[in-house]
Amino acid sequence: MKIIQLNYTDDAGIEEIEKTATAIGFFDGLHRGHLKVINRMTKIAEEKNLKKGIMTFDPHPSVVLNPKFQRTTYLTPLEIKLEMFESMGIDYVFIINFSSKLAKLEPDEFVKKYIIGANVSELISGFDYTYGARGRGNTTNLTEYTEFNTTIVGKYAFTDEKVSTTQIRTSLSNGQLEDANKAIGRTYTISGVVVQGEKRGRTIGFPTANIEADFRYFLPKNGVYSVTLKVHSTDEIHKGVGNIGVKPTFHDDITKPIIEVHLFDFNESIYGESVTIYFHHYIRGEVKFDGVDELVDQMEIDREDAIKLLEDID
């Protein structure tokens, strides 16, 4: 897979690209709606003997366009998206730097510079894709170009509401994990490294692995989850109960949530290991307990709940 970084002032090498069928969008989460677009692109590429391409952006446009609601955390950070694209057999990924200058580019200029300029033969987009200054370009405009063919893919929806990244983020924020996983089409994951923590858990019978996320992930609601954890060095997957939160029973001054996982029947040291956490079920919200004994009693209940919830998970 060839990754081509494109800035507003630099398109060096883009003229050497082979003809592609290219799906365009931000694709955060690579959820069912995104996969519908990418699968259509793949089918067209194979039918017309074209290379498979993805055209995406970094950072999220809101960083430039909406300073009050900037999206700086992601369901699938760029590095994770690239890994997933490669696993899909994508040939080219065009990453366009979304800057203030790009945001001012007129729709027709954007098309000529990036779509025609990248030798796109077949463009595939979602039905609601917009582009160019103030989002004035839309899918109807794209179909008017003769230099490439445009295919518009309709919404993917379980109900009347389309599956969207915003919807998934809202579900995760509200503890509606199963709804989020259904919309994504897989279990929500966060990858990171096991780091040293306070080691308080081992003193109360619940040793935990503290996970430092590798990238700027969007974190689900603070609380307790049934999880599985994959240790990358061994490919082993272990069941456990996870917690996202600020440890209110012990601290009043932590503001950044901490990710901890207590693994069942596991007592090995995995400090420094790269791991991936799979979030299967939301069990309860974070609570400040009156003391350690009350906390331990609840943790026993959480552990048993997680064991039951994970019975059917391999």
# chains A, B, ... in the order shown; residues from 1 in each chain; ligands from 1
call {"tool": "residues_around", "arguments": {"residues": "Ala157 (chain A)", "least_positions_apart": "4", "cutoff": "12 Å", "atoms": "only C-alpha atoms", "output": "number ranges by chain"}}
result
A: 31-34, 36, 161-164, 167, 182-185
call {"tool": "select_by_dssp", "arguments": {"residues": "region 262-303 of chain A", "states": "strand (DSSP E or B)", "output": "ChimeraX atom specification"}}
result
/A:262-263,274-285
call {"tool": "write_last_selection", "arguments": {"atoms": "all heavy atoms", "output": "tab-separated table (two decimals), in the first residue's frame"}}
result
chain	number	residue	atom	x	y	z
A	262	HIS	N	-8.41	-5.61	34.92
A	262	HIS	CA	-8.12	-6.75	35.79
A	262	HIS	C	-8.43	-8.02	35.00
A	262	HIS	O	-9.57	-8.24	34.56
A	262	HIS	CB	-8.99	-6.70	37.05
A	262	HIS	CG	-8.96	-7.97	37.83
A	262	HIS	ND1	-7.85	-8.42	38.49
A	262	HIS	CD2	-9.94	-8.90	38.05
A	262	HIS	CE1	-8.12	-9.57	39.10
A	262	HIS	NE2	-9.38	-9.88	38.84
A	263	LEU	N	-7.41	-8.85	34.78
A	263	LEU	CA	-7.57	-10.07	34.00
A	263	LEU	C	-7.87	-11.25	34.91
A	263	LEU	O	-7.28	-11.40	35.98
A	263	LEU	CB	-6.30	-10.34	33.19
A	263	LEU	CG	-5.91	-9.25	32.18
A	263	LEU	CD1	-4.58	-9.60	31.52
A	263	LEU	CD2	-7.00	-9.08	31.12
A	274	SER	N	2.70	-4.21	24.29
A	274	SER	CA	1.66	-3.58	23.47
A	274	SER	C	0.42	-4.47	23.52
A	274	SER	O	0.52	-5.69	23.35
A	274	SER	CB	2.13	-3.42	22.02
A	274	SER	OG	3.18	-2.49	21.96
A	275	VAL	N	-0.72	-3.84	23.77
A	275	VAL	CA	-1.96	-4.61	23.93
A	275	VAL	C	-3.11	-3.90	23.22
A	275	VAL	O	-3.03	-2.72	22.89
A	275	VAL	CB	-2.32	-4.79	25.43
A	275	VAL	CG1	-1.23	-5.55	26.17
A	275	VAL	CG2	-2.57	-3.43	26.10
A	276	THR	N	-4.17	-4.65	23.00
A	276	THR	CA	-5.42	-4.07	22.50
A	276	THR	C	-6.55	-4.51	23.42
A	276	THR	O	-6.68	-5.69	23.74
A	276	THR	CB	-5.72	-4.53	21.05
A	276	THR	OG1	-4.70	-4.05	20.18
A	276	THR	CG2	-7.07	-3.97	20.58
A	277	ILE	N	-7.35	-3.53	23.85
A	277	ILE	CA	-8.52	-3.81	24.69
A	277	ILE	C	-9.77	-3.83	23.81
A	277	ILE	O	-10.00	-2.91	23.01
A	277	ILE	CB	-8.71	-2.72	25.77
A	277	ILE	CG1	-7.41	-2.45	26.51
A	277	ILE	CG2	-9.80	-3.13	26.75
A	277	ILE	CD1	-7.47	-1.18	27.35
A	278	TYR	N	-10.58	-4.86	23.98
A	278	TYR	CA	-11.85	-5.00	23.27
A	278	TYR	C	-12.97	-4.78	24.28
A	278	TYR	O	-13.08	-5.53	25.26
A	278	TYR	CB	-11.98	-6.38	22.64
A	278	TYR	CG	-10.91	-6.69	21.61
A	278	TYR	CD1	-9.64	-7.10	22.00
A	278	TYR	CD2	-11.17	-6.58	20.25
A	278	TYR	CE1	-8.65	-7.39	21.07
A	278	TYR	CE2	-10.20	-6.86	19.30
A	278	TYR	CZ	-8.94	-7.27	19.73
A	278	TYR	OH	-7.97	-7.55	18.80
A	279	PHE	N	-13.80	-3.78	24.05
A	279	PHE	CA	-14.87	-3.43	24.98
A	279	PHE	C	-16.17	-4.13	24.55
A	279	PHE	O	-16.76	-3.79	23.52
A	279	PHE	CB	-15.08	-1.92	25.02
A	279	PHE	CG	-13.92	-1.18	25.64
A	279	PHE	CD1	-12.83	-0.80	24.87
A	279	PHE	CD2	-13.92	-0.87	26.99
A	279	PHE	CE1	-11.76	-0.11	25.43
A	279	PHE	CE2	-12.85	-0.20	27.56
A	279	PHE	CZ	-11.77	0.18	26.79
A	280	HIS	N	-16.61	-5.10	25.36
A	280	HIS	CA	-17.77	-5.91	24.98
A	280	HIS	C	-19.08	-5.45	25.59
A	280	HIS	O	-20.10	-5.41	24.92
A	280	HIS	CB	-17.51	-7.37	25.38
A	280	HIS	CG	-16.37	-8.01	24.65
A	280	HIS	ND1	-16.49	-8.50	23.37
A	280	HIS	CD2	-15.07	-8.19	25.00
A	280	HIS	CE1	-15.33	-8.99	22.97
A	280	HIS	NE2	-14.44	-8.81	23.93
A	281	HIS	N	-19.08	-5.12	26.90
A	281	HIS	CA	-20.32	-4.72	27.58
A	281	HIS	C	-20.03	-3.60	28.58
A	281	HIS	O	-19.00	-3.61	29.24
A	281	HIS	CB	-20.95	-5.89	28.35
A	281	HIS	CG	-21.16	-7.13	27.54
A	281	HIS	ND1	-20.22	-8.13	27.46
A	281	HIS	CD2	-22.22	-7.53	26.79
A	281	HIS	CE1	-20.67	-9.09	26.68
A	281	HIS	NE2	-21.88	-8.76	26.27
A	282	TYR	N	-20.96	-2.68	28.68
A	282	TYR	CA	-20.92	-1.65	29.72
A	282	TYR	C	-21.67	-2.21	30.93
A	282	TYR	O	-22.83	-2.61	30.82
A	282	TYR	CB	-21.58	-0.37	29.22
A	282	TYR	CG	-21.73	0.72	30.25
A	282	TYR	CD1	-20.63	1.48	30.65
A	282	TYR	CD2	-22.97	1.00	30.82
A	282	TYR	CE1	-20.77	2.51	31.58
A	282	TYR	CE2	-23.12	2.02	31.75
A	282	TYR	CZ	-22.01	2.76	32.13
A	282	TYR	OH	-22.15	3.77	33.06
A	283	ILE	N	-20.99	-2.24	32.09
A	283	ILE	CA	-21.60	-2.82	33.28
A	283	ILE	C	-22.22	-1.77	34.19
A	283	ILE	O	-23.38	-1.89	34.59
A	283	ILE	CB	-20.54	-3.65	34.06
A	283	ILE	CG1	-20.08	-4.85	33.20
A	283	ILE	CG2	-21.11	-4.14	35.39
A	283	ILE	CD1	-18.97	-5.67	33.82
A	284	ARG	N	-21.48	-0.73	34.49
A	284	ARG	CA	-22.01	0.32	35.37
A	284	ARG	C	-21.13	1.56	35.27
A	284	ARG	O	-20.01	1.52	34.75
A	284	ARG	CB	-22.05	-0.15	36.83
A	284	ARG	CG	-20.68	-0.44	37.43
A	284	ARG	CD	-20.75	-0.67	38.93
A	284	ARG	NE	-19.45	-1.03	39.49
A	284	ARG	CZ	-18.52	-0.13	39.86
A	284	ARG	NH1	-18.75	1.16	39.72
A	284	ARG	NH2	-17.35	-0.53	40.38
A	285	GLY	N	-21.65	2.67	35.79
A	285	GLY	CA	-20.90	3.91	35.81
A	285	GLY	C	-19.89	3.95	36.95
A	285	GLY	O	-19.94	3.12	37.88
call {"tool": "atom_distance", "arguments": {"atom1": "CA of Thr151 (chain A)", "atom2": "CA of Ser121 (chain A)"}}
result
11.1 Å
call {"tool": "select_by_dssp", "arguments": {"residues": "region 88-196 of chain A", "states": "alpha helix (DSSP H)", "output": "list in words"}}
result
Ser100, Lys101, Leu102, Ala103, Pro107, Asp108, Glu109, Phe110, Thr139, Thr140, Asn141, Leu142, Thr165, Thr166, Gln167, Ile168, Arg169, Thr170, Ser171, Leu172, Ser173, Leu177, Glu178, Asp179, Ala180, Asn181, Lys182, Ala183 and Ile184 of chain A
call {"tool": "atom_distance", "arguments": {"atom1": "CA of Gln298 (chain A)", "atom2": "CA of Arg169 (chain A)"}}
result
27.7 Å
call {"tool": "closest_atom_pairs", "arguments": {"of": "region 12-88 of chain A", "to": "region 135-144 of chain A", "cutoff": "12 Å", "atoms": "only C-alpha atoms", "output": "CSV"}}
result
residue,atom,partner,partner_atom,distance
A:Ile24,CA,A:Thr139,CA,11.2
A:Pro61,CA,A:Gly135,CA,10.8
A:Leu65,CA,A:Gly135,CA,10.5
call {"tool": "write_last_selection", "arguments": {"atoms": "N, CA, C and O atoms", "output": "CSV table (one decimal), in the first residue's frame"}}
result
chain,number,residue,atom,x,y,z
A,24,ILE,N,-13.9,8.4,-1.1
A,24,ILE,CA,-13.5,9.6,-0.5
A,24,ILE,C,-14.3,9.9,0.8
A,24,ILE,O,-15.5,9.6,0.8
A,61,PRO,N,-11.8,18.0,9.8
A,61,PRO,CA,-12.1,19.4,9.4
A,61,PRO,C,-12.6,20.3,10.5
A,61,PRO,O,-12.4,21.5,10.4
A,65,LEU,N,-12.7,24.3,11.0
A,65,LEU,CA,-14.0,24.9,10.7
A,65,LEU,C,-14.8,25.2,11.9
A,65,LEU,O,-15.8,26.0,11.9
call {"tool": "residues_around", "arguments": {"residues": "Met299 (chain A)", "least_positions_apart": "2", "cutoff": "12 Å", "atoms": "only C-alpha atoms", "output": "PDB file with C-alpha atoms, in the first residue's frame"}}
result
ATOM      1  CA  GLY A 201      -5.090  -3.110  43.056  1.00  0.00           C
ATOM      2  CA  ILE A 204      -6.833  -5.451  47.639  1.00  0.00           C
ATOM      3  CA  GLY A 205      -6.870  -8.642  45.582  1.00  0.00           C
ATOM      4  CA  PHE A 206      -7.513  -7.061  42.161  1.00  0.00           C
ATOM      5  CA  PRO A 207      -4.208  -6.503  40.340  1.00  0.00           C
ATOM      6  CA  THR A 208      -4.721  -4.383  37.243  1.00  0.00           C
ATOM      7  CA  GLY A 223     -17.243   3.171  34.195  1.00  0.00           C
ATOM      8  CA  VAL A 224     -16.803  -0.584  34.337  1.00  0.00           C
ATOM      9  CA  TYR A 225     -16.780  -2.875  31.290  1.00  0.00           C
ATOM     10  CA  GLY A 240     -11.238  -9.440  32.241  1.00  0.00           C
ATOM     11  CA  VAL A 241     -13.071  -6.499  33.713  1.00  0.00           C
ATOM     12  CA  GLY A 242     -11.954  -3.009  32.718  1.00  0.00           C
ATOM     13  CA  ASN A 243     -12.395   0.418  34.223  1.00  0.00           C
ATOM     14  CA  VAL A 261      -7.910  -3.929  33.281  1.00  0.00           C
ATOM     15  CA  HIS A 262      -8.123  -6.754  35.793  1.00  0.00           C
ATOM     16  CA  ILE A 283     -21.596  -2.825  33.282  1.00  0.00           C
ATOM     17  CA  ARG A 284     -22.008   0.325  35.370  1.00  0.00           C
ATOM     18  CA  GLU A 286     -17.995   5.076  37.949  1.00  0.00           C
ATOM     19  CA  VAL A 287     -18.859   5.524  41.646  1.00  0.00           C
ATOM     20  CA  PHE A 289     -17.246   4.603  47.484  1.00  0.00           C
ATOM     21  CA  VAL A 292     -11.950   0.289  50.420  1.00  0.00           C
ATOM     22  CA  ASP A 293     -14.199  -2.480  51.787  1.00  0.00           C
ATOM     23  CA  GLU A 294     -17.227  -1.145  49.939  1.00  0.00           C
ATOM     24  CA  LEU A 295     -15.150  -0.831  46.776  1.00  0.00           C
ATOM     25  CA  VAL A 296     -13.849  -4.401  47.038  1.00  0.00           C
ATOM     26  CA  ASP A 297     -17.379  -5.757  47.529  1.00  0.00           C
ATOM     27  CA  ILE A 301     -19.797  -8.207  41.893  1.00  0.00           C
ATOM     28  CA  ASP A 302     -18.347  -6.557  38.768  1.00  0.00           C
ATOM     29  CA  ARG A 303     -15.965  -9.465  38.254  1.00  0.00           C
ATOM     30  CA  GLU A 304     -18.769 -12.018  38.450  1.00  0.00           C
ATOM     31  CA  ASP A 305     -20.939  -9.942  36.096  1.00  0.00           C
ATOM     32  CA  ALA A 306     -18.089  -9.725  33.576  1.00  0.00           C
TER      33      ALA A 306
END
call {"tool": "atom_distance", "arguments": {"atom1": "CA of Ile4 (chain A)", "atom2": "CA of Met84 (chain A)"}}
result
16.2 Å
call {"tool": "closest_residue", "arguments": {"among": "A:Gly25, A:Pro59, A:Pro67, A:Pro77", "to": "Asp128 (chain A)", "atoms": "only C-alpha atoms"}}
result
A:Gly25
call {"tool": "closest_residue", "arguments": {"among": "A:Asn210, A:Asn7, A:Asn119, A:Asn97", "to": "Lys51 (chain A)", "atoms": "only C-alpha atoms"}}
result
A:Asn119
